[in-house]
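Structure, as structure tokens:
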Amino acid sequence: MAHHSHHHHHHAHQHKMTVGMWKECWNTPNVEFHNPQLNELFVKYHQRMLTRPGMRIFVPLCGKAVEMKWLVDHGYKVVGLEVAPVPCKAFFEENGIPYNVKEMKGIHGEKYESLDQKIVIYSCDFFLFTADICGEFDGIWDCGGLNSMDVEDREAYIHRIRTLMGKGCVNLTEFVNFDKSMVDITWSMTKEELQKAFGEGFIVEDLNEMKAPQRLKSQGCDTLKLFAITRT
């Protein structure tokens with residue numbers, strides 16, 4: 001995203017993972033962060049989010065997440081958002097889903113939509129994405145979206161997510177906490193901090209915490225936490 005090009009972390013030691021490096025990883029297709037298997041916590045807890053058939057599920061900063069294909073195959077409608085256009089094309093092409101591309105209205109970006117209209121991925125600036133573009137959602141699967149934000153942008157990110165959650169919407173957010181020796185402590189996120197950021201009208205629960213898998217351990221990740229955030 002254009003407005004993140006300044007580096008706040010010039011004082012970080014060379015061997016430490018910086019936010020810029022982390023983001024770069026997320027925005028490059030086919031990196032360690034793309035998990036070709038369904039996310040373990042998604043498999044275990046998706047029923048907390050999927051309470052009725054045909055719900056519309058939002059997947060922020062989606063890359064080419066395999067959970068999107070699973071959701072479509074199970075009868076849900078999916079809206080993804082990705083900054084980089086490369087993973088958008090890759091998602092449809094690798095899954096053999098026919099699609100077309102249109103310019104977005106109102107903001108700069110492109111809309112990649114399956115011909116059956118069950119899945120659409122917007123390629124645009126997340127901070128310009130509003131409910132006017134596609135309405136509120138019934139559920140959100142956020143695996144790495146919040147994580148990829150600079151600490152000082154988290155509140156703006158959460159505010160934007162809040163405005164996209166319809167009444168009763170359950171937002172499953174997976175958050176990677178880092179090995180304390182690798183990064184600044186402010187990078188972790190607690191249930192209390194999330195509750196404070198979401199505020200009135202939202203309930204935050206701690207669903208699970210697990211050791212990071214090997215592919216993420218090598219990136220300095222320590223534990224994965226899964227939160228359920230419900231709009232009451």
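Within each chain, counting starts at residue 1; across the structure tokens, chains are named A, B, ... in the order shown, with ligands numbered 1 upward in that order.
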
Item to check | Polymer residues at most 10 Å from Glu200 (chain A), only C-alpha atoms, same-chain spacing of 4 or more positions, as a VMD selection string | outcome: chain A and resid 195 to 196 231 to 232

Checklist entry - Using only C-alpha atoms, which residues sit within 10 Å of Trp187 (chain A) once same-chain residues fewer than 5 positions away are excluded, as a list in words? => result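 After dropping sequence-adjacent residues, the list is Val19, Asn147, Met149, Asp150, Val151, Val176, Asn177, Phe178, Asp179 and Lys180 of chain A.
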
Checklist entry - Which neighbours of region 94-97 of chain A fall inside 9 Å, counting only C-alpha atoms, when residues of the same chain fewer than 4 positions from it are skipped, and could you give them as a ChimeraX atom specification? => result /A:69,89-90,114-115

Please write the residues from the selection above to a file, keeping N, CA, C and O atoms, as a PDB file, in the first residue's frame.
ATOM      1  N   LYS A  69     -11.784 -21.397  -1.616  1.00  0.00           N
ATOM      2  CA  LYS A  69     -12.303 -22.466  -2.489  1.00  0.00           C
ATOM      3  C   LYS A  69     -13.192 -23.405  -1.674  1.00  0.00           C
ATOM      4  O   LYS A  69     -14.273 -23.796  -2.120  1.00  0.00           O
ATOM      5  N   LYS A  89      -5.427 -13.436  -9.829  1.00  0.00           N
ATOM      6  CA  LYS A  89      -5.441 -14.242 -11.055  1.00  0.00           C
ATOM      7  C   LYS A  89      -5.083 -15.680 -10.736  1.00  0.00           C
ATOM      8  O   LYS A  89      -5.722 -16.618 -11.215  1.00  0.00           O
ATOM      9  N   ALA A  90      -4.025 -15.850  -9.914  1.00  0.00           N
ATOM     10  CA  ALA A  90      -3.546 -17.199  -9.588  1.00  0.00           C
ATOM     11  C   ALA A  90      -4.652 -18.019  -8.930  1.00  0.00           C
ATOM     12  O   ALA A  90      -4.821 -19.199  -9.241  1.00  0.00           O
ATOM     13  N   SER A 114     -15.952 -14.639 -10.350  1.00  0.00           N
ATOM     14  CA  SER A 114     -16.251 -15.895 -11.037  1.00  0.00           C
ATOM     15  C   SER A 114     -17.528 -15.698 -11.860  1.00  0.00           C
ATOM     16  O   SER A 114     -18.397 -14.913 -11.483  1.00  0.00           O
ATOM     17  N   LEU A 115     -17.623 -16.419 -12.970  1.00  0.00           N
ATOM     18  CA  LEU A 115     -18.780 -16.257 -13.847  1.00  0.00           C
ATOM     19  C   LEU A 115     -20.082 -16.624 -13.133  1.00  0.00           C
ATOM     20  O   LEU A 115     -21.127 -16.062 -13.427  1.00  0.00           O
TER      21      LEU A 115
END

Item to check | Among listed residues A:Asn171, A:Ala228, A:Arg215, A:Thr186, nearest Glu152 (chain A) (using only C-alpha atoms) | outcome: A:Thr186

Item to check | Which of chain A fall in helix (DSSP H, G or I), as an MDAnalysis selection string | outcome: chainID A and resid 2:4 19:26 40:49 66:73 85:94 126:128 131:134 146:148 151:164 185:187 191:198 214:217

Next on the checklist: Show me, as a count of residues only, the residues that have an atom within 12 Å of Gly80 (chain A) when counting only C-alpha atoms, minus same-chain residues fewer than 4 positions from it.
Outcome noted: 44

Checklist entry - What is the distance, in Å and to one decimal place, between CA of Val78 (chain A) and CA of Met55 (chain A)? => result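 CA of Val78 (chain A) sits 8.5 Å away from CA of Met55 (chain A).
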